[in-house]
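Since the structure comes first, as structure tokens, the remarks are kept for the end.
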Amino acid sequence: MSFRILGTGHCVPARAVTNEELSKYVDTSDEWIRQRVGIAERRVCTTETAADLACGAAREALDMGKTTPDELDMIICATVSPDDASPSMACMLQNMLGATCPAYDVNAACSGFIYALDTAAGFFARQKVKKVLVIGGERLSRLVDWTDRNTCVIFADGAGAVVLGEGDNYLSSKLYAKGGNNVISIPMHEGKSPFYRPEPRHPYIYMNGQETFKFAVNAMSGDLTDVIRDAGLQPSDISWVIPHQANVRIIDAASRKLDIPADRFAKNIEKYGNTSSASIPILLDELNRAGKLKDGAYIALSAFGGGLTSGACVIKWNTI
Ligand code: UT7
């Protein structure tokens with residue numbers, strides 16, 4: 001027993017910020033961002049919290065999945081940018097939805113949604129749950145240094161959600177971590193302990209772009225190869241690869257290493273930028289609502305990011 005996806009949803013802030021607008025804040029250009037990353041604009045919170053975005057995505061997914069909040073047995077939120085360390089974003093969301101089930105966050109940075117799905121699969125396998133809400137939700141705009149052009153042109157805000165019910169559609173998965181903080185890091189507030197004397201750190205996202213790029217291409221191609229094989233499938237059986245949206249060049253490079261045509265790799269980075277753990281469920285919902293996921297189709301999800309972490313899985317699409 002694993003799960004099947006009953007409903008999907010997403011929610012992004014109303015405010016769009018174009019590359020031209022960003023060029024007023026940092027030394028960058030629309031041409032550079034489009035060519036090097038593939039982003040045209042991104043959504044940035046003005047008054048919304050990360051929990052607000054998660055709640056918007058959750059309501060859509062619950063509605064599509066014909067599930068009421070009181071039917072939920074578990075809420076798992078993947079996030080690296082919760083509004084508060086506590087309550088967790090999942091607990092905030094449980095309260096906003098009026099659910100009563102256990103709720104907690106998972107932090108595996110941009111791979112978080114896949115880690116959260118795999119965690120949910122464990123509860124289904126042990127027959128502890130019948131309905132689970134899994135979210136990827138981020139407000140990265142509050143963690144970005146808006147004077148750092150290496151990061152502020154890339155990261156953005158958004159949330160995506162799925163409602164899971166009992167099924168046998170989660171066919172294979174792989175989680176990976178290679179711990180270390182010298183490639184991507186997001187320092188926490190150091191606190192005011194009179195006894196703690198750390199080296200001062202820049203309190204915003206730091207990313208070594210080129211190291212992350214290399215890790216990402218290898219992780220995507222290696223993880224997808226493994227999960228497709230473990231599902232008993234060939235690359236040609238995969239209808240859609242839904243990759244983390246970090247850079248179109250990463251996606252294109254990974255597609256060249258795999259025997260899967262480039263047009264089967266879904267993309268929406270142009271509209272939303274990199275929303276970390278939210279990027280896969282946002283894209284999944286867009287494909288679903290556009291009618292592009294056919295019953296019986298095999299879809300492969302693949303993510304990578306801070307930690308360093310990566311993860312991938314294969315799901316047989318079947319909402320009926
Ligand atoms: O979701 C978490 C995982 N994150 C990722 O997967 C990100 C992976 N990395 C990347 O996507 C790319 O490395 C970046 C988009 C971050 C950077 O692209 P790049 O092609 O690796 O650029 P670079 O860092 O090698 O910089 C090339 C040039 C440099 O100028 P010089 O030294 O050649 O004169 C940079 O200073 O581009 C310059 N540059 C920019 N120019 C205009 C860097 N950022 C910008 C910018 N606008 N925003």
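Letters A, B, ... go to the chains of the structure tokens in the order shown; residues in each chain start at 1; ligands are counted from 1 in the same order.
Each residue with an atom within 6 Å of any atom of ligand 1 appears in the list, which was built counting only C-alpha atoms and all ligand atoms: Thr28, Ser29, Trp32, Arg36, Val37, Cys110, Arg149, Asn150, Val153, Gly209, Gln210, Thr212, Phe213, Ala216, Ala246, Asn247, Ser276 and Gly305 of chain A.
Those residues that approach stretch 179-192 of chain A to within 7 Å, counting only C-alpha atoms, are Pro203, Tyr204, Ile205, Tyr206, Met207, Asn208, Glu211, Thr212, Gly306, Gly307 and Leu308 of chain A; same-chain residues fewer than 5 positions away are not listed.
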I need the residues from that last selection saved to file as a PDB file, in the first residue's frame (with N, CA, C and O atoms), if you can.
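Produced file out.pdb, reproduced below:
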ATOM      1  N   PRO A 203      23.389  37.135   7.119  1.00  0.00           N
ATOM      2  CA  PRO A 203      22.172  36.383   7.468  1.00  0.00           C
ATOM      3  C   PRO A 203      21.204  36.156   6.307  1.00  0.00           C
ATOM      4  O   PRO A 203      19.994  36.271   6.468  1.00  0.00           O
ATOM      5  N   TYR A 204      21.724  35.859   5.132  1.00  0.00           N
ATOM      6  CA  TYR A 204      20.859  35.647   3.967  1.00  0.00           C
ATOM      7  C   TYR A 204      21.323  34.427   3.193  1.00  0.00           C
ATOM      8  O   TYR A 204      22.380  33.865   3.470  1.00  0.00           O
ATOM      9  N   ILE A 205      20.529  34.057   2.167  1.00  0.00           N
ATOM     10  CA  ILE A 205      20.891  32.902   1.345  1.00  0.00           C
ATOM     11  C   ILE A 205      22.253  33.142   0.690  1.00  0.00           C
ATOM     12  O   ILE A 205      22.468  34.178   0.060  1.00  0.00           O
ATOM     13  N   TYR A 206      23.131  32.146   0.852  1.00  0.00           N
ATOM     14  CA  TYR A 206      24.397  32.128   0.109  1.00  0.00           C
ATOM     15  C   TYR A 206      24.345  30.932  -0.836  1.00  0.00           C
ATOM     16  O   TYR A 206      23.929  29.840  -0.427  1.00  0.00           O
ATOM     17  N   MET A 207      24.753  31.124  -2.079  1.00  0.00           N
ATOM     18  CA  MET A 207      24.790  29.978  -2.998  1.00  0.00           C
ATOM     19  C   MET A 207      26.007  30.062  -3.902  1.00  0.00           C
ATOM     20  O   MET A 207      26.241  31.100  -4.529  1.00  0.00           O
ATOM     21  N   ASN A 208      26.770  28.977  -3.934  1.00  0.00           N
ATOM     22  CA  ASN A 208      27.812  28.829  -4.950  1.00  0.00           C
ATOM     23  C   ASN A 208      27.119  28.227  -6.176  1.00  0.00           C
ATOM     24  O   ASN A 208      26.883  27.013  -6.236  1.00  0.00           O
ATOM     25  N   GLU A 211      28.842  25.280  -8.328  1.00  0.00           N
ATOM     26  CA  GLU A 211      28.896  23.984  -7.632  1.00  0.00           C
ATOM     27  C   GLU A 211      27.501  23.366  -7.555  1.00  0.00           C
ATOM     28  O   GLU A 211      27.320  22.154  -7.735  1.00  0.00           O
ATOM     29  N   THR A 212      26.511  24.215  -7.274  1.00  0.00           N
ATOM     30  CA  THR A 212      25.134  23.714  -7.192  1.00  0.00           C
ATOM     31  C   THR A 212      24.691  23.181  -8.544  1.00  0.00           C
ATOM     32  O   THR A 212      24.029  22.145  -8.640  1.00  0.00           O
ATOM     33  N   GLY A 306      19.629  22.619  -1.295  1.00  0.00           N
ATOM     34  CA  GLY A 306      20.443  22.823  -0.095  1.00  0.00           C
ATOM     35  C   GLY A 306      20.522  21.566   0.752  1.00  0.00           C
ATOM     36  O   GLY A 306      19.611  20.745   0.784  1.00  0.00           O
ATOM     37  N   GLY A 307      21.635  21.438   1.403  1.00  0.00           N
ATOM     38  CA  GLY A 307      21.881  20.266   2.253  1.00  0.00           C
ATOM     39  C   GLY A 307      23.306  19.751   2.166  1.00  0.00           C
ATOM     40  O   GLY A 307      24.012  19.742   3.132  1.00  0.00           O
ATOM     41  N   LEU A 308      23.718  19.374   1.004  1.00  0.00           N
ATOM     42  CA  LEU A 308      22.975  19.199  -0.237  1.00  0.00           C
ATOM     43  C   LEU A 308      22.031  17.996  -0.145  1.00  0.00           C
ATOM     44  O   LEU A 308      22.372  17.005   0.502  1.00  0.00           O
TER      45      LEU A 308
END
Within 12 Å of stretch 79-86 of chain A, which residues of stretch 206-280 of chain A come that close, and what is the closest atom pair and distance in Å for each? Count only C-alpha atoms and give it as JSON lines.
{"residue": "A:Thr275", "atom": "CA", "partner": "A:Thr79", "partner_atom": "CA", "distance": 10.1}
{"residue": "A:Ser276", "atom": "CA", "partner": "A:Val80", "partner_atom": "CA", "distance": 8.0}
{"residue": "A:Ser277", "atom": "CA", "partner": "A:Thr79", "partner_atom": "CA", "distance": 6.2}
{"residue": "A:Ala278", "atom": "CA", "partner": "A:Thr79", "partner_atom": "CA", "distance": 8.1}
{"residue": "A:Ser279", "atom": "CA", "partner": "A:Thr79", "partner_atom": "CA", "distance": 11.3}
For the selection just defined, write its residues with all heavy atoms to a file, as a PDB file, in the first residue's frame.
ATOM      1  N   THR A 275      11.042  28.460  -6.583  1.00  0.00           N
ATOM      2  CA  THR A 275      10.268  28.524  -5.333  1.00  0.00           C
ATOM      3  C   THR A 275      10.610  27.347  -4.414  1.00  0.00           C
ATOM      4  O   THR A 275       9.785  26.942  -3.586  1.00  0.00           O
ATOM      5  CB  THR A 275       8.755  28.549  -5.618  1.00  0.00           C
ATOM      6  OG1 THR A 275       8.420  27.391  -6.410  1.00  0.00           O
ATOM      7  CG2 THR A 275       8.336  29.805  -6.368  1.00  0.00           C
ATOM      8  N   SER A 276      11.810  26.818  -4.545  1.00  0.00           N
ATOM      9  CA  SER A 276      12.313  25.752  -3.666  1.00  0.00           C
ATOM     10  C   SER A 276      11.328  24.586  -3.583  1.00  0.00           C
ATOM     11  O   SER A 276      10.902  24.078  -4.614  1.00  0.00           O
ATOM     12  CB  SER A 276      12.654  26.336  -2.284  1.00  0.00           C
ATOM     13  OG  SER A 276      13.361  25.407  -1.507  1.00  0.00           O
ATOM     14  N   SER A 277      10.922  24.215  -2.375  1.00  0.00           N
ATOM     15  CA  SER A 277      10.089  23.005  -2.227  1.00  0.00           C
ATOM     16  C   SER A 277       8.729  23.138  -2.901  1.00  0.00           C
ATOM     17  O   SER A 277       8.035  22.139  -3.109  1.00  0.00           O
ATOM     18  CB  SER A 277       9.877  22.685  -0.749  1.00  0.00           C
ATOM     19  OG  SER A 277       9.041  23.656  -0.174  1.00  0.00           O
ATOM     20  N   ALA A 278       8.339  24.367  -3.265  1.00  0.00           N
ATOM     21  CA  ALA A 278       7.017  24.563  -3.879  1.00  0.00           C
ATOM     22  C   ALA A 278       7.027  24.342  -5.383  1.00  0.00           C
ATOM     23  O   ALA A 278       5.970  24.186  -6.002  1.00  0.00           O
ATOM     24  CB  ALA A 278       6.507  25.977  -3.571  1.00  0.00           C
ATOM     25  N   SER A 279       8.211  24.321  -5.990  1.00  0.00           N
ATOM     26  CA  SER A 279       8.228  24.370  -7.462  1.00  0.00           C
ATOM     27  C   SER A 279       7.588  23.127  -8.095  1.00  0.00           C
ATOM     28  O   SER A 279       6.833  23.241  -9.067  1.00  0.00           O
ATOM     29  CB  SER A 279       9.649  24.593  -7.984  1.00  0.00           C
ATOM     30  OG  SER A 279      10.418  23.413  -7.946  1.00  0.00           O
TER      31      SER A 279
END
Open item on the list: For the structure I just gave you, how does DSSP split stretch 157-276 of chain A - specifically, which residues are helix (DSSP H, G or I)? Reply as a PyMOL selection string.
Closed with: chain A and resi 209-230+235-237+248-257+262-264+269-272+276
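Distance annotation: of A:Pro261, A:Pro13, A:Pro243, A:Gly158, the residue with the minimal separation from A:Ile299 is A:Pro243; atom set is only C-alpha atoms.
Candidate residues A:Ser310, A:Ser141, A:Ser221, A:Ser302 were compared for distance to A:Pro281, and the nearest is A:Ser302, using only C-alpha atoms.
Here atom CA of A:Ala159 is placed at a distance of 6.5 Å from atom CA of A:Ile282.
Between atom CA of A:Lys130 and atom CA of A:Gly165 the interatomic distance comes to 5.6 Å.
Atom CA of A:Glu20 to atom CA of A:Glu48 spans 23.2 Å [interatomic distance, one decimal].
Closest approach to A:Arg15 from the set A:Lys271, A:Arg201, A:Arg229, A:Lys128 is made by A:Lys271, with distances taken over only C-alpha atoms.
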Open item on the list: Taking 3 positions as the minimum chain separation for residues in the same chain, which residues sit within 12 Å of A:Val227 when counting only C-alpha atoms? Answer as a PyMOL selection string.
Closed with: chain A and resi 170-175+219-224+230-235+238+241+298-302+311-315
Let's have the selection written as a compact mmCIF listing (two decimals), in the first residue's frame, with N, CA, C and O atoms.
# COMPACT_ATOMS: atom_id res chain seq x y z
N TYR A 170 2.49 5.03 -5.92
CA TYR A 170 3.83 5.55 -5.65
C TYR A 170 4.78 4.38 -5.89
O TYR A 170 4.93 3.51 -5.04
N LEU A 171 5.40 4.36 -7.07
CA LEU A 171 6.06 3.13 -7.52
C LEU A 171 7.49 2.99 -7.05
O LEU A 171 7.97 1.87 -6.83
N SER A 172 8.21 4.10 -6.95
CA SER A 172 9.61 4.00 -6.51
C SER A 172 10.07 5.38 -6.04
O SER A 172 9.48 6.40 -6.42
N SER A 173 11.13 5.38 -5.24
CA SER A 173 11.65 6.67 -4.77
C SER A 173 13.11 6.53 -4.37
O SER A 173 13.60 5.42 -4.11
N LYS A 174 13.77 7.69 -4.31
CA LYS A 174 15.17 7.73 -3.86
C LYS A 174 15.39 9.06 -3.15
O LYS A 174 14.99 10.11 -3.68
N LEU A 175 15.98 9.00 -1.98
CA LEU A 175 16.37 10.22 -1.27
C LEU A 175 17.88 10.19 -1.10
O LEU A 175 18.46 9.13 -0.87
N ALA A 219 22.70 14.91 -10.01
CA ALA A 219 21.65 14.36 -9.13
C ALA A 219 20.41 14.03 -9.95
O ALA A 219 19.84 12.93 -9.82
N MET A 220 19.99 14.95 -10.80
CA MET A 220 18.77 14.71 -11.58
C MET A 220 18.91 13.50 -12.48
O MET A 220 18.03 12.64 -12.52
N SER A 221 20.01 13.45 -13.22
CA SER A 221 20.13 12.34 -14.18
C SER A 221 20.31 11.02 -13.43
O SER A 221 19.70 10.01 -13.79
N GLY A 222 21.12 11.02 -12.36
CA GLY A 222 21.35 9.77 -11.61
C GLY A 222 20.09 9.31 -10.87
O GLY A 222 19.71 8.14 -10.94
N ASP A 223 19.42 10.22 -10.19
CA ASP A 223 18.23 9.85 -9.40
C ASP A 223 17.12 9.36 -10.32
O ASP A 223 16.43 8.37 -10.02
N LEU A 224 16.92 10.07 -11.44
CA LEU A 224 15.84 9.64 -12.36
C LEU A 224 16.14 8.27 -12.96
O LEU A 224 15.25 7.42 -13.05
N ASP A 230 13.90 1.29 -10.86
CA ASP A 230 13.30 0.63 -9.70
C ASP A 230 11.79 0.47 -9.84
O ASP A 230 11.18 -0.39 -9.20
N ALA A 231 11.18 1.31 -10.67
CA ALA A 231 9.73 1.18 -10.92
C ALA A 231 9.46 0.10 -11.98
O ALA A 231 8.30 -0.16 -12.32
N GLY A 232 10.52 -0.49 -12.51
CA GLY A 232 10.37 -1.51 -13.55
C GLY A 232 10.04 -0.93 -14.90
O GLY A 232 9.42 -1.59 -15.75
N LEU A 233 10.45 0.33 -15.12
CA LEU A 233 10.09 1.03 -16.36
C LEU A 233 11.34 1.37 -17.17
O LEU A 233 12.47 1.30 -16.66
N GLN A 234 11.10 1.77 -18.41
CA GLN A 234 12.14 2.33 -19.28
C GLN A 234 11.94 3.85 -19.34
O GLN A 234 10.80 4.32 -19.20
N PRO A 235 13.00 4.61 -19.61
CA PRO A 235 12.83 6.07 -19.74
C PRO A 235 11.72 6.45 -20.73
O PRO A 235 10.98 7.41 -20.50
N ILE A 238 8.07 7.15 -19.51
CA ILE A 238 7.73 8.32 -18.70
C ILE A 238 7.05 9.39 -19.55
O ILE A 238 7.62 9.88 -20.53
N VAL A 241 8.41 14.32 -16.97
CA VAL A 241 9.33 14.55 -15.86
C VAL A 241 8.96 15.92 -15.29
O VAL A 241 8.85 16.90 -16.05
N TYR A 298 2.81 7.51 -16.48
CA TYR A 298 3.88 7.48 -15.48
C TYR A 298 4.55 8.85 -15.44
O TYR A 298 4.98 9.35 -16.49
N ILE A 299 4.64 9.44 -14.26
CA ILE A 299 5.31 10.73 -14.13
C ILE A 299 6.48 10.58 -13.15
O ILE A 299 6.39 9.82 -12.19
N ALA A 300 7.55 11.29 -13.43
CA ALA A 300 8.74 11.22 -12.58
C ALA A 300 9.03 12.61 -12.02
O ALA A 300 9.04 13.59 -12.76
N LEU A 301 9.22 12.68 -10.70
CA LEU A 301 9.52 13.94 -10.03
C LEU A 301 11.00 13.92 -9.63
O LEU A 301 11.51 12.86 -9.21
N SER A 302 11.68 15.05 -9.74
CA SER A 302 13.11 15.08 -9.40
C SER A 302 13.48 16.45 -8.84
O SER A 302 13.18 17.47 -9.44
N GLY A 311 16.30 14.16 -4.48
CA GLY A 311 15.30 13.11 -4.36
C GLY A 311 14.52 12.98 -5.65
O GLY A 311 14.43 13.94 -6.43
N ALA A 312 14.00 11.80 -5.89
CA ALA A 312 13.18 11.57 -7.08
C ALA A 312 12.19 10.46 -6.79
O ALA A 312 12.38 9.67 -5.84
N CYS A 313 11.12 10.41 -7.57
CA CYS A 313 10.15 9.32 -7.42
C CYS A 313 9.38 9.14 -8.72
O CYS A 313 9.39 10.03 -9.58
N VAL A 314 8.76 7.99 -8.85
CA VAL A 314 7.88 7.72 -10.01
C VAL A 314 6.48 7.44 -9.47
O VAL A 314 6.31 6.66 -8.51
N ILE A 315 5.49 8.10 -10.08
CA ILE A 315 4.10 7.95 -9.67
C ILE A 315 3.28 7.56 -10.90
O ILE A 315 3.48 8.12 -11.99
Open item on the list: I'd like the neighbourhood of A:Ala116 as number ranges by chain, where a residue qualifies if any of its atoms comes within 12 Å (using only C-alpha atoms), though same-chain residues fewer than 3 positions away should be ignored.
Closed with: A: 74-79, 90, 103-113, 119-123, 132-137, 161-162, 164, 173, 175, 277-278, 281, 311-313
Task: Distance query stretch 58-63 of chain A at most 7 Å, only C-alpha atoms, self and fewer than 4 positions along chain excluded, as a PyMOL selection string - done: chain A and resi 7-10+54+67-68+161-163
